[in-house]
Amino acid sequence: MATQEISDGSYSAIRNKDTNEVTIRGTLRLNGTAEYAPIMALLEEALSAGMVTVDLRGLQFLNSSGIAFLMRFAVKVREAKGSLRLRGSKKIPWHSKSLQNLQRIVPEIRVDLE
Amino acid sequence: MIATTADKQGSDMDPARTYGDFTESVPLEIEGLTIVFSPTSVSLKERWKNNSLSADFMADYFATFYALHGSDEEGRLEYVKGAVSFVANELIENAMKFTDVEGIPISIRLTMHEGELVFFATNGASLEGSQMYESAVRRLLNADPWAEYERRAQANDGTSGLGLLSMLTDYSARLGWRFMPHDDKRLLLTTTVRIPL
């Protein structure tokens with residue numbers, strides 16, 4: 001399985017190149033757009049390869065800079081006329097709120113809460 | 001009873017400017033937790049991870065009481081823990097980002113009340129630094145939250161501005177601010193957040 005990974009101990013972002021699925025886990029509270037840039041680059045690479053799924057079911061916490069980062073990626077997907085599916089967990093309360101907010105702003109994306 | 005103040009411009013008698021639904025004070029005998037940071041030589045980058053640790057500590061600390069006295073509805077405890085952790089982390093991050101003067105500690109206090117949580121966050125800022133924050137507060141008060149969300153999604157200016165907005169849209173928060181002159185170069189900023197339980 002070919003993968004790309006970014007991690008720092010509190011979070012990991014792993015792209016499975018075979019399925020083009022990016023799994024983000026842990027606690028993601030980086031400082032502003034600049035610190036989110038490496039993960040954005042990983043997602044953009046996935047976008048250029050085709051349909052993207054981002055699995056957030058193991059992401060316990062995300063700060064507002066992280067919500068903004070996901071929103072910017074969703075806007076990029078819309079601009080590129082691409083396809084994005086976000087997978088969240090019903091057991092993590094912020095997932096239903098933030099992911100549905102995201103869908104309200106960018107209705108083209110698909111959000112599945114499992 | 002917790003006293004609140006609506007928008008108020010500063011005057012010679014009382015130079016403090018308040019915005020939103022500002023919470024004046026909470027009696028000290030109310031159950032609560034205060035964390036104080038005194039940033040000196042440690043860089044923001046090195047301190048950043050501690051924001052998250054402190055926010056999670058507040059959430060775990062409060063969850064102990066909520067588990068005993070709060071609602072036992074399924075998933076409610078997880079919701080409350082998530083809300084405390086998110087709000088505390090955003091308030092600490094904002095205080096760390098906007099503090100550009102020395103000598104005024106950053107503090108965050110969370111108090112627990114019947115049916116709601118009240119957060120107080122304070123930090124110091126230069127006159128120049130606080131102007132940017134004060135105009136962001138004014139814009140937030142006059143904006144439609146969803147239009148503002150959309151605007152922030154398109155922006156790419158290095159800041160998100162979504163922390164306070166998310167408190168409004170996701171946690172039905174009541175927000176308030178006070179800008180109090182500290183001396184001729186510094187201000188004391190207080191942000192208050194009330195979250196219904």
# chains A, B, ... in the order shown; residues from 1 in each chain; ligands from 1

call {"tool": "select_by_dssp", "arguments": {"residues": "segment 1-112 of chain A", "states": "helix (DSSP H, G or I)", "output": "PyMOL selection string"}}
result
chain A and resi 32-49+64-79+93-105

call {"tool": "write_last_selection", "arguments": {"atoms": "C-alpha atoms", "output": "PDB file, in the first residue's frame"}}
result
ATOM      1  CA  GLY A  32      -3.065  29.476  11.400  1.00  0.00           C
ATOM      2  CA  THR A  33      -2.958  28.873   7.655  1.00  0.00           C
ATOM      3  CA  ALA A  34       0.847  28.587   7.520  1.00  0.00           C
ATOM      4  CA  GLU A  35       1.000  25.577   9.854  1.00  0.00           C
ATOM      5  CA  TYR A  36      -1.835  23.847   7.964  1.00  0.00           C
ATOM      6  CA  ALA A  37      -0.010  24.256   4.630  1.00  0.00           C
ATOM      7  CA  PRO A  38       1.691  20.795   4.587  1.00  0.00           C
ATOM      8  CA  ILE A  39      -1.636  19.000   5.156  1.00  0.00           C
ATOM      9  CA  MET A  40      -3.285  21.237   2.544  1.00  0.00           C
ATOM     10  CA  ALA A  41      -0.549  20.224   0.089  1.00  0.00           C
ATOM     11  CA  LEU A  42      -1.268  16.548   0.829  1.00  0.00           C
ATOM     12  CA  LEU A  43      -4.998  17.086   0.185  1.00  0.00           C
ATOM     13  CA  GLU A  44      -4.321  19.043  -3.003  1.00  0.00           C
ATOM     14  CA  GLU A  45      -2.192  16.196  -4.281  1.00  0.00           C
ATOM     15  CA  ALA A  46      -5.107  13.842  -3.605  1.00  0.00           C
ATOM     16  CA  LEU A  47      -7.458  16.252  -5.425  1.00  0.00           C
ATOM     17  CA  SER A  48      -5.237  16.268  -8.485  1.00  0.00           C
ATOM     18  CA  ALA A  49      -5.404  12.449  -8.514  1.00  0.00           C
ATOM     19  CA  SER A  64     -11.146  27.086  14.246  1.00  0.00           C
ATOM     20  CA  SER A  65      -8.050  27.441  12.035  1.00  0.00           C
ATOM     21  CA  GLY A  66      -8.555  23.758  11.184  1.00  0.00           C
ATOM     22  CA  ILE A  67     -12.242  24.322  10.372  1.00  0.00           C
ATOM     23  CA  ALA A  68     -11.169  27.188   8.098  1.00  0.00           C
ATOM     24  CA  PHE A  69      -8.570  24.924   6.495  1.00  0.00           C
ATOM     25  CA  LEU A  70     -11.205  22.260   5.696  1.00  0.00           C
ATOM     26  CA  MET A  71     -13.488  24.958   4.337  1.00  0.00           C
ATOM     27  CA  ARG A  72     -10.772  26.327   2.058  1.00  0.00           C
ATOM     28  CA  PHE A  73     -10.105  22.837   0.776  1.00  0.00           C
ATOM     29  CA  ALA A  74     -13.823  22.312   0.061  1.00  0.00           C
ATOM     30  CA  VAL A  75     -13.838  25.608  -1.890  1.00  0.00           C
ATOM     31  CA  LYS A  76     -10.763  24.433  -3.874  1.00  0.00           C
ATOM     32  CA  VAL A  77     -12.570  21.187  -4.701  1.00  0.00           C
ATOM     33  CA  ARG A  78     -15.574  23.168  -5.969  1.00  0.00           C
ATOM     34  CA  GLU A  79     -13.347  25.457  -8.047  1.00  0.00           C
ATOM     35  CA  PRO A  93     -20.323  16.031  18.869  1.00  0.00           C
ATOM     36  CA  TRP A  94     -18.480  18.735  16.883  1.00  0.00           C
ATOM     37  CA  HIS A  95     -18.468  16.567  13.732  1.00  0.00           C
ATOM     38  CA  SER A  96     -22.194  16.908  13.116  1.00  0.00           C
ATOM     39  CA  LYS A  97     -22.084  20.689  13.655  1.00  0.00           C
ATOM     40  CA  SER A  98     -18.903  21.673  11.818  1.00  0.00           C
ATOM     41  CA  LEU A  99     -19.213  19.235   8.925  1.00  0.00           C
ATOM     42  CA  GLN A 100     -22.808  20.253   8.303  1.00  0.00           C
ATOM     43  CA  ASN A 101     -21.779  23.936   8.444  1.00  0.00           C
ATOM     44  CA  LEU A 102     -19.210  23.110   5.815  1.00  0.00           C
ATOM     45  CA  GLN A 103     -21.802  21.478   3.622  1.00  0.00           C
ATOM     46  CA  ARG A 104     -24.042  24.503   4.014  1.00  0.00           C
ATOM     47  CA  ILE A 105     -21.234  26.721   2.676  1.00  0.00           C
TER      48      ILE A 105
END

call {"tool": "select_by_dssp", "arguments": {"residues": "segment 56-124 of chain B", "states": "strand (DSSP E)", "output": "list in words"}}
result
Ile106, Ser107, Ile108, Arg109, Leu110, Thr111, Met112, His113, Glu116, Leu117, Val118, Phe119, Phe120, Ala121, Thr122, Asn123 and Gly124 of chain B

call {"tool": "closest_residue", "arguments": {"among": "B:Thr23, B:Ser43, B:Ser71, B:Thr111", "to": "Met58 of chain B", "atoms": "only C-alpha atoms"}}
result
B:Thr111

call {"tool": "closest_residue", "arguments": {"among": "B:Phe98, B:Tyr79, B:Phe119, B:Phe86", "to": "Arg194 of chain B", "atoms": "only C-alpha atoms"}}
result
B:Phe119

call {"tool": "interface_residues", "arguments": {"of": "chain B", "to": "chain A", "cutoff": "10 Å", "atoms": "only C-alpha atoms", "output": "VMD selection string"}}
result
chain B and resid 44 to 45 48 to 49 51 to 52 56 75 to 76 78 to 83 85 to 87 89 to 90 93 97 146 to 147 149 to 167 169 to 171

call {"tool": "residues_around", "arguments": {"residues": "Met51 of chain A", "least_positions_apart": "4", "cutoff": "10 Å", "atoms": "only C-alpha atoms", "output": "list in words"}}
result
Thr19, Asn20, Glu21, Ala46, Leu47, Val77, Gly82, Ser83, Leu84 and Arg85 of chain A

call {"tool": "atom_distance", "arguments": {"atom1": "atom CA of Ala88 of chain B", "atom2": "atom CA of Leu168 of chain B"}}
result
14.2 Å
